[in-house]
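One file, work-v6.txt, carrying compact mmCIF, C-alpha atoms and all ligand atoms:
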```txt
# COMPACT_ATOMS: atom_id res chain seq x y z
CA MET I 1 -54.27 -49.26 -18.45
CA GLN I 2 -52.92 -50.84 -15.32
CA GLY I 3 -49.58 -49.11 -14.81
CA ARG I 4 -47.56 -47.48 -17.54
CA PHE I 5 -44.13 -47.38 -19.17
CA HIS I 6 -41.65 -44.86 -17.77
CA TYR I 7 -38.70 -43.12 -19.39
CA TYR I 8 -36.45 -44.25 -16.50
CA GLU I 9 -37.17 -47.87 -17.41
CA GLY I 10 -35.18 -47.27 -20.58
CA TYR I 11 -37.92 -46.77 -23.17
CA PRO I 12 -37.84 -43.75 -25.48
CA LEU I 13 -40.66 -41.29 -24.78
CA TRP I 14 -42.59 -42.15 -27.95
CA LYS I 15 -42.72 -45.76 -26.76
CA CYS I 16 -43.82 -44.75 -23.25
CA ALA I 17 -46.74 -42.88 -24.82
CA MET I 18 -47.59 -45.39 -27.56
CA PRO I 19 -50.49 -46.99 -25.64
CA VAL I 20 -52.31 -43.66 -25.91
CA ARG I 21 -52.15 -43.86 -29.71
CA VAL I 22 -53.37 -47.45 -29.56
CA MET I 23 -56.34 -46.33 -27.47
CA ARG I 24 -57.04 -43.54 -29.97
CA LEU I 25 -56.97 -46.04 -32.85
CA LEU I 26 -59.40 -48.22 -30.90
CA GLY I 27 -61.78 -45.26 -30.87
CA ALA I 28 -61.11 -43.56 -27.52
CA THR I 29 -61.83 -39.83 -27.62
CA HIS I 30 -60.95 -38.98 -24.00
CA LEU I 31 -57.86 -39.71 -21.92
CA ILE I 32 -58.10 -39.79 -18.13
CA ALA I 33 -54.57 -40.06 -16.78
CA SER I 34 -53.62 -40.45 -13.15
CA ASN I 35 -50.28 -40.50 -11.38
CA ALA I 36 -48.59 -40.52 -8.01
CA ALA I 37 -46.78 -37.26 -7.31
CA GLY I 38 -44.84 -35.44 -4.64
CA GLY I 39 -46.59 -32.31 -3.36
CA LEU I 40 -44.69 -29.03 -3.65
CA ASN I 41 -47.60 -26.75 -2.82
CA LYS I 42 -47.53 -26.33 0.96
CA CYS I 43 -51.35 -26.27 1.10
CA TYR I 44 -51.52 -29.89 -0.06
CA LYS I 45 -51.64 -32.94 2.17
CA VAL I 46 -50.75 -36.57 1.53
CA GLY I 47 -53.80 -38.27 0.04
CA ASP I 48 -55.07 -35.10 -1.68
CA ILE I 49 -55.89 -35.04 -5.38
CA MET I 50 -54.51 -32.39 -7.72
CA LEU I 51 -56.43 -31.91 -10.95
CA ILE I 52 -53.71 -30.98 -13.42
CA LYS I 53 -54.40 -27.62 -15.05
CA ASP I 54 -51.04 -27.42 -16.84
CA HIS I 55 -47.64 -29.04 -16.87
CA ILE I 56 -43.95 -28.18 -16.97
CA ASN I 57 -42.21 -30.83 -19.03
CA MET I 58 -38.62 -30.74 -17.82
CA LEU I 59 -37.57 -33.43 -20.32
CA GLY I 60 -39.01 -31.36 -23.16
CA PHE I 61 -36.77 -28.38 -22.38
CA GLY I 62 -33.82 -30.48 -23.49
CA GLY I 63 -35.60 -31.44 -26.73
CA ASN I 64 -36.63 -34.87 -25.50
CA ASN I 65 -40.22 -35.09 -26.67
CA PRO I 66 -42.48 -38.02 -27.63
CA LEU I 67 -43.23 -36.23 -30.94
CA ARG I 68 -39.55 -35.93 -31.87
CA GLY I 69 -38.80 -37.48 -35.26
CA PRO I 70 -40.83 -37.52 -38.47
CA ASN I 71 -44.38 -36.31 -37.84
CA GLU I 72 -47.07 -38.94 -38.23
CA SER I 73 -49.66 -36.62 -39.79
CA ARG I 74 -52.44 -39.22 -39.61
CA PHE I 75 -52.40 -38.51 -35.88
CA GLY I 76 -51.89 -34.76 -35.88
CA PRO I 77 -49.88 -31.69 -36.91
CA ARG I 78 -46.12 -31.14 -36.73
CA PHE I 79 -46.42 -28.25 -34.27
CA PRO I 80 -49.40 -28.89 -32.00
CA SER I 81 -50.55 -26.17 -29.63
CA MET I 82 -50.33 -26.98 -25.93
CA TYR I 83 -52.72 -24.24 -24.75
CA GLY I 84 -55.81 -25.59 -23.07
CA VAL I 85 -54.49 -29.13 -23.06
CA TYR I 86 -56.22 -29.97 -19.78
CA ASN I 87 -59.89 -29.56 -20.60
CA LYS I 88 -61.47 -26.86 -18.40
CA ASN I 89 -65.01 -28.28 -18.63
CA ILE I 90 -63.87 -31.68 -17.46
CA ILE I 91 -61.87 -30.13 -14.62
CA GLN I 92 -65.13 -28.46 -13.52
CA THR I 93 -66.95 -31.80 -13.88
CA ALA I 94 -64.30 -33.48 -11.72
CA LYS I 95 -64.59 -30.75 -9.07
CA ARG I 96 -68.36 -31.13 -9.03
CA CYS I 97 -68.05 -34.92 -8.67
CA ALA I 98 -65.63 -34.44 -5.75
CA ALA I 99 -67.95 -31.93 -4.04
CA GLU I 100 -70.92 -34.30 -4.43
CA GLU I 101 -68.94 -37.01 -2.65
CA GLY I 102 -67.87 -34.58 0.10
CA TRP I 103 -64.23 -34.56 -1.03
CA GLY I 104 -64.16 -30.92 -2.10
CA ASP I 105 -61.49 -29.96 0.46
CA MET I 106 -59.00 -32.55 -0.73
CA VAL I 107 -59.23 -31.71 -4.43
CA HIS I 108 -57.07 -28.91 -5.85
CA GLU I 109 -56.05 -27.58 -9.26
CA GLY I 110 -52.35 -27.26 -9.96
CA VAL I 111 -49.33 -27.51 -12.22
CA TYR I 112 -47.55 -30.87 -12.61
CA SER I 113 -43.84 -30.97 -13.39
CA CYS I 114 -42.45 -34.03 -15.13
CA VAL I 115 -38.86 -35.08 -14.45
CA GLY I 116 -36.99 -38.09 -15.81
CA GLY I 117 -36.22 -40.01 -12.62
CA PRO I 118 -35.57 -42.64 -11.41
CA ASN I 119 -33.90 -40.85 -8.51
CA PHE I 120 -36.16 -38.60 -6.52
CA GLU I 121 -35.18 -34.95 -6.86
CA THR I 122 -32.59 -33.15 -4.76
CA ILE I 123 -33.74 -30.46 -2.38
CA ALA I 124 -32.25 -27.79 -4.67
CA GLU I 125 -34.11 -29.24 -7.67
CA LEU I 126 -37.37 -29.26 -5.72
CA ARG I 127 -36.84 -25.64 -4.71
CA MET I 128 -36.25 -24.77 -8.35
CA LEU I 129 -39.47 -26.53 -9.45
CA GLU I 130 -41.35 -24.66 -6.73
CA LEU I 131 -39.93 -21.36 -8.02
CA LEU I 132 -40.97 -22.28 -11.57
CA GLY I 133 -44.58 -22.58 -10.43
CA ALA I 134 -44.97 -26.34 -10.06
CA ASP I 135 -47.41 -27.64 -7.44
CA ALA I 136 -46.42 -31.31 -7.74
CA VAL I 137 -43.69 -33.42 -9.28
CA GLY I 138 -43.55 -36.87 -10.83
CA MET I 139 -41.91 -38.92 -13.57
CA SER I 140 -44.74 -39.55 -16.02
CA THR I 141 -47.91 -38.23 -17.67
CA ALA I 142 -46.61 -35.17 -19.60
CA HIS I 143 -45.52 -37.26 -22.61
CA GLU I 144 -48.80 -39.23 -22.60
CA VAL I 145 -50.76 -35.98 -22.53
CA ILE I 146 -48.68 -34.50 -25.37
CA ILE I 147 -49.40 -37.54 -27.54
CA ALA I 148 -53.11 -37.47 -26.63
CA THR I 149 -53.32 -33.77 -27.49
CA HIS I 150 -51.49 -34.30 -30.77
CA CYS I 151 -54.12 -36.83 -31.86
CA GLY I 152 -57.04 -34.66 -30.75
CA MET I 153 -58.09 -36.40 -27.55
CA THR I 154 -59.77 -34.56 -24.68
CA VAL I 155 -57.65 -34.85 -21.55
CA LEU I 156 -58.25 -34.99 -17.83
CA ALA I 157 -55.26 -35.80 -15.65
CA PHE I 158 -54.84 -35.81 -11.92
CA SER I 159 -52.13 -36.50 -9.35
CA LEU I 160 -52.56 -38.34 -6.11
CA ILE I 161 -50.25 -36.58 -3.66
CA THR I 162 -48.42 -39.54 -2.15
CA ASP I 163 -45.74 -37.59 -0.25
CA MET I 164 -44.85 -34.01 0.49
CA CYS I 165 -41.57 -32.88 -1.09
CA ILE I 166 -38.86 -31.86 1.30
CA THR I 167 -37.52 -28.41 0.55
CA ASP I 168 -35.50 -27.64 3.66
CA TYR I 169 -32.15 -28.98 4.75
CA GLU I 170 -33.05 -29.17 8.44
CA THR I 171 -35.18 -32.30 8.29
CA ASP I 172 -34.57 -35.99 8.77
CA ASP I 173 -37.66 -36.88 6.70
CA ASP I 174 -37.07 -38.78 3.48
CA VAL I 175 -39.02 -39.93 0.43
CA ASN I 176 -39.33 -43.53 -0.68
CA HIS I 177 -41.24 -45.55 -3.22
CA GLU I 178 -42.84 -47.83 -0.58
CA GLU I 179 -44.62 -44.80 0.87
CA VAL I 180 -45.81 -43.85 -2.63
CA LEU I 181 -47.23 -47.36 -3.18
CA SER I 182 -48.85 -47.54 0.23
CA VAL I 183 -50.62 -44.15 -0.09
CA GLY I 184 -51.72 -45.20 -3.60
CA LYS I 185 -53.22 -48.41 -2.23
CA LYS I 186 -54.97 -46.62 0.64
CA SER I 187 -56.46 -44.06 -1.73
CA GLU I 188 -58.07 -46.66 -4.00
CA LYS I 189 -61.32 -46.37 -2.06
CA VAL I 190 -61.57 -42.68 -3.00
CA LEU I 191 -60.07 -42.83 -6.48
CA LYS I 192 -62.22 -45.62 -7.89
CA PRO I 193 -65.60 -43.97 -7.17
CA PHE I 194 -64.13 -40.58 -8.13
CA VAL I 195 -63.10 -41.78 -11.60
CA THR I 196 -66.32 -43.77 -12.05
CA ARG I 197 -68.39 -40.67 -11.30
CA ILE I 198 -66.35 -38.56 -13.72
CA VAL I 199 -66.70 -41.14 -16.50
CA ASP I 200 -70.47 -41.36 -15.92
CA SER I 201 -70.75 -37.62 -15.98
CA ILE I 202 -68.73 -37.25 -19.21
CA ALA I 203 -70.80 -40.05 -20.82
CA ASN I 204 -74.04 -38.29 -19.83
CA GLN I 205 -72.79 -35.00 -21.24
CA LEU I 206 -71.81 -36.67 -24.53
CA GLN I 207 -75.14 -38.46 -24.73
CA SER I 208 -77.18 -35.31 -24.16
CA LYS I 209 -75.11 -33.53 -26.84
CA SER I 210 -75.82 -36.26 -29.38
CA CYS I 211 -79.63 -36.18 -28.73
O1 LIG X 1 -46.18 -41.25 -12.25
P1 LIG X 1 -46.46 -42.60 -11.72
O2 LIG X 1 -46.23 -43.67 -12.72
O3 LIG X 1 -47.87 -42.68 -11.16
O4 LIG X 1 -45.46 -42.90 -10.50
C1 LIG X 1 -44.70 -42.00 -9.72
O5 LIG X 1 -44.24 -42.76 -8.62
C2 LIG X 1 -42.98 -43.37 -8.94
C3 LIG X 1 -42.00 -42.99 -7.86
O6 LIG X 1 -42.41 -43.48 -6.61
C4 LIG X 1 -42.55 -42.79 -10.28
O7 LIG X 1 -42.82 -43.71 -11.31
C5 LIG X 1 -43.41 -41.57 -10.39
O8 LIG X 1 -43.60 -41.13 -11.71
N1 LIG X 2 -40.51 -36.08 -4.75
C1 LIG X 2 -41.23 -36.90 -5.50
N2 LIG X 2 -42.22 -37.57 -4.95
C2 LIG X 2 -42.91 -38.40 -5.74
N3 LIG X 2 -43.95 -39.18 -5.44
C3 LIG X 2 -44.31 -39.82 -6.54
N4 LIG X 2 -43.52 -39.46 -7.54
C4 LIG X 2 -42.65 -38.57 -7.04
C5 LIG X 2 -41.57 -37.83 -7.61
O1 LIG X 2 -41.26 -37.92 -8.78
N5 LIG X 2 -40.91 -37.02 -6.78
```

Any chance you could give the structure as structure tokens?
Amino acid sequence: MQGRFHYYEGYPLWKCAMPVRVMRLLGATHLIASNAAGGLNKCYKVGDIMLIKDHINMLGFGGNNPLRGPNESRFGPRFPSMYGVYNKNIIQTAKRCAAEEGWGDMVHEGVYSCVGGPNFETIAELRMLELLGADAVGMSTAHEVIIATHCGMTVLAFSLITDMCITDYETDDDVNHEEVLSVGKKSEKVLKPFVTRIVDSIANQLQSKSC
């Protein structure tokens, strides 16, 4: 997909995530999701990549979930497990691909927190997310991953850290969407070969399994 639908645009979550079900029906078995996110982990730098090992779905705490409503059992069960959603083998594959390209130092593993947006978070909200164990924050991905997991897809997701979240009141720094877009654009030269390598590697693994 080029781009995605967001909750803040006014769509319900099931609609934001519907393209994932379409891809599944077309035969896709794996979802590779990417996003732009603000870095909460102080070890991260702008332009780094965070392989998502787990998420905190802030929208879900309030009962807003893409699976809300009658369960479509042709896709999956009513109460899907969310343990091991982010496939550990593929995370290792992605790390290996990064190391082979010499990008090992800029690739981390962390927890993504999904908020509703469209406003960026307050400093107090960011501090809370940090306390909860989040390493990065954004306004997407969790609902797509829930839908992919429900219908049995294998998931890799990663965040491009486009800005570092501000968690102190003594700064004049600010966050803005232009910065997010510009870091995204600049990182294309890393992200394209990174994803291509991962896809090749997954395809090779699948092929050798089927032999
Ligand atoms: O998560 P993606 O769609 O990559 O984009 C992130 O960047 C936008 C904010 O600048 C928000 O849409 C946020 O979710
Ligand atoms: N703080 C913050 N930075 C971002 N960069 C991209 N998305 C986000 C977000 O949701 N919050």

Around (-39.2, -40.3, -30.0) in the file's own coordinates, what residues are found within 10 Å if you use all atoms listed in the file, given back as an mmCIF file with C-alpha atoms, keeping the file's coordinate frame?
```cif
data_model
loop_
_atom_site.group_PDB
_atom_site.id
_atom_site.type_symbol
_atom_site.label_atom_id
_atom_site.label_comp_id
_atom_site.auth_asym_id
_atom_site.auth_seq_id
_atom_site.Cartn_x
_atom_site.Cartn_y
_atom_site.Cartn_z
ATOM 1 C CA TYR I 11 -37.920 -46.770 -23.170
ATOM 2 C CA PRO I 12 -37.840 -43.750 -25.480
ATOM 3 C CA LEU I 13 -40.660 -41.290 -24.780
ATOM 4 C CA TRP I 14 -42.590 -42.150 -27.950
ATOM 5 C CA LYS I 15 -42.720 -45.760 -26.760
ATOM 6 C CA CYS I 16 -43.820 -44.750 -23.250
ATOM 7 C CA ALA I 17 -46.740 -42.880 -24.820
ATOM 8 C CA ASN I 64 -36.630 -34.870 -25.500
ATOM 9 C CA ASN I 65 -40.220 -35.090 -26.670
ATOM 10 C CA PRO I 66 -42.480 -38.020 -27.630
ATOM 11 C CA LEU I 67 -43.230 -36.230 -30.940
ATOM 12 C CA ARG I 68 -39.550 -35.930 -31.870
ATOM 13 C CA GLY I 69 -38.800 -37.480 -35.260
ATOM 14 C CA PRO I 70 -40.830 -37.520 -38.470
#
```

Q: May I ask you to write as a ChimeraX atom specification all residues lying at most 12 Å from ligand LIG 2 (chain X), with all atoms listed in the file counted?
A: /I:6,8,34-41,46-47,58,112-127,129-130,134-141,159-167,173-184

Q) Which of these residues is nearest to Ser73 (chain I), using all atoms listed in the file: I:Glu100, I:Cys151, I:Leu31, I:Asn57? A) I:Cys151

Q. Looking at I:Lys185, I:Lys53, I:Arg21, I:Lys209, which one is nearest to ligand LIG 1 (chain X), with distances taken over all atoms listed in the file?
A. I:Lys185

Padded axis-aligned box of ligand LIG 1 (chain X) (3 Å per side), centre and edge lengths, Å, one decimal, as JSON:
```
{"center_x": -44.9, "center_y": -42.4, "center_z": -9.7, "size_x": 11.9, "size_y": 8.6, "size_z": 12.1}
```

Q: Would you list the contacts of Asn89 (chain I) as a list in words, taking every protein, DNA or RNA residue within 10 Å and counting only C-alpha atoms, but skipping same-chain residues closer than 4 positions in sequence?
A: Thr93, Ala94, Lys95, Leu156 and Ile202 of chain I

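Interatomic distance, CA of Lys42 (chain I) to CA of Asp105 (chain I): 14.4 Å.
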
Q: Measuring atom to atom with all atoms listed in the file, identify which of I:Lys186, I:His143, I:Lys45, I:Arg24 is nearest to ligand LIG 1 (chain X).
A: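 Residue with the minimum atom-to-atom distance to ligand LIG 1 (chain X): I:His143.
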
Q) For ligand LIG 1 (chain X), which of I:Phe158, I:Phe79, I:Phe194, I:Tyr169 is the closest residue, counting all atoms listed in the file? A) I:Phe158

Q) Quick one: of I:Ser201, I:Gln2, I:Thr29, I:Ser81, who's nearest to ligand LIG 1 (chain X), counting only C-alpha atoms and all ligand atoms? A)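 Checking each candidate against ligand LIG 1 (chain X), we get I:Gln2 as the closest.
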
**Q.** Among the residues I:Asn87, I:Asn204, I:Asp168, I:Ala157, the one that comes closest to ligand LIG 1 (chain X) [using only C-alpha atoms and all ligand atoms]
**A.**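 Looking at the shortest contact to ligand LIG 1 (chain X), the residue is I:Ala157.
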
**Q.** Gap from CA of His30 (chain I) to CA of Glu109 (chain I) - Å, one decimal
**A.**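 Separation of CA of His30 (chain I) and CA of Glu109 (chain I): 19.3 Å.
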
Q.
To one decimal place in Å, what is the distance between atom O5 of ligand LIG 1 (chain X) and CA of Cys97 (chain I)?
A. 25.1 Å
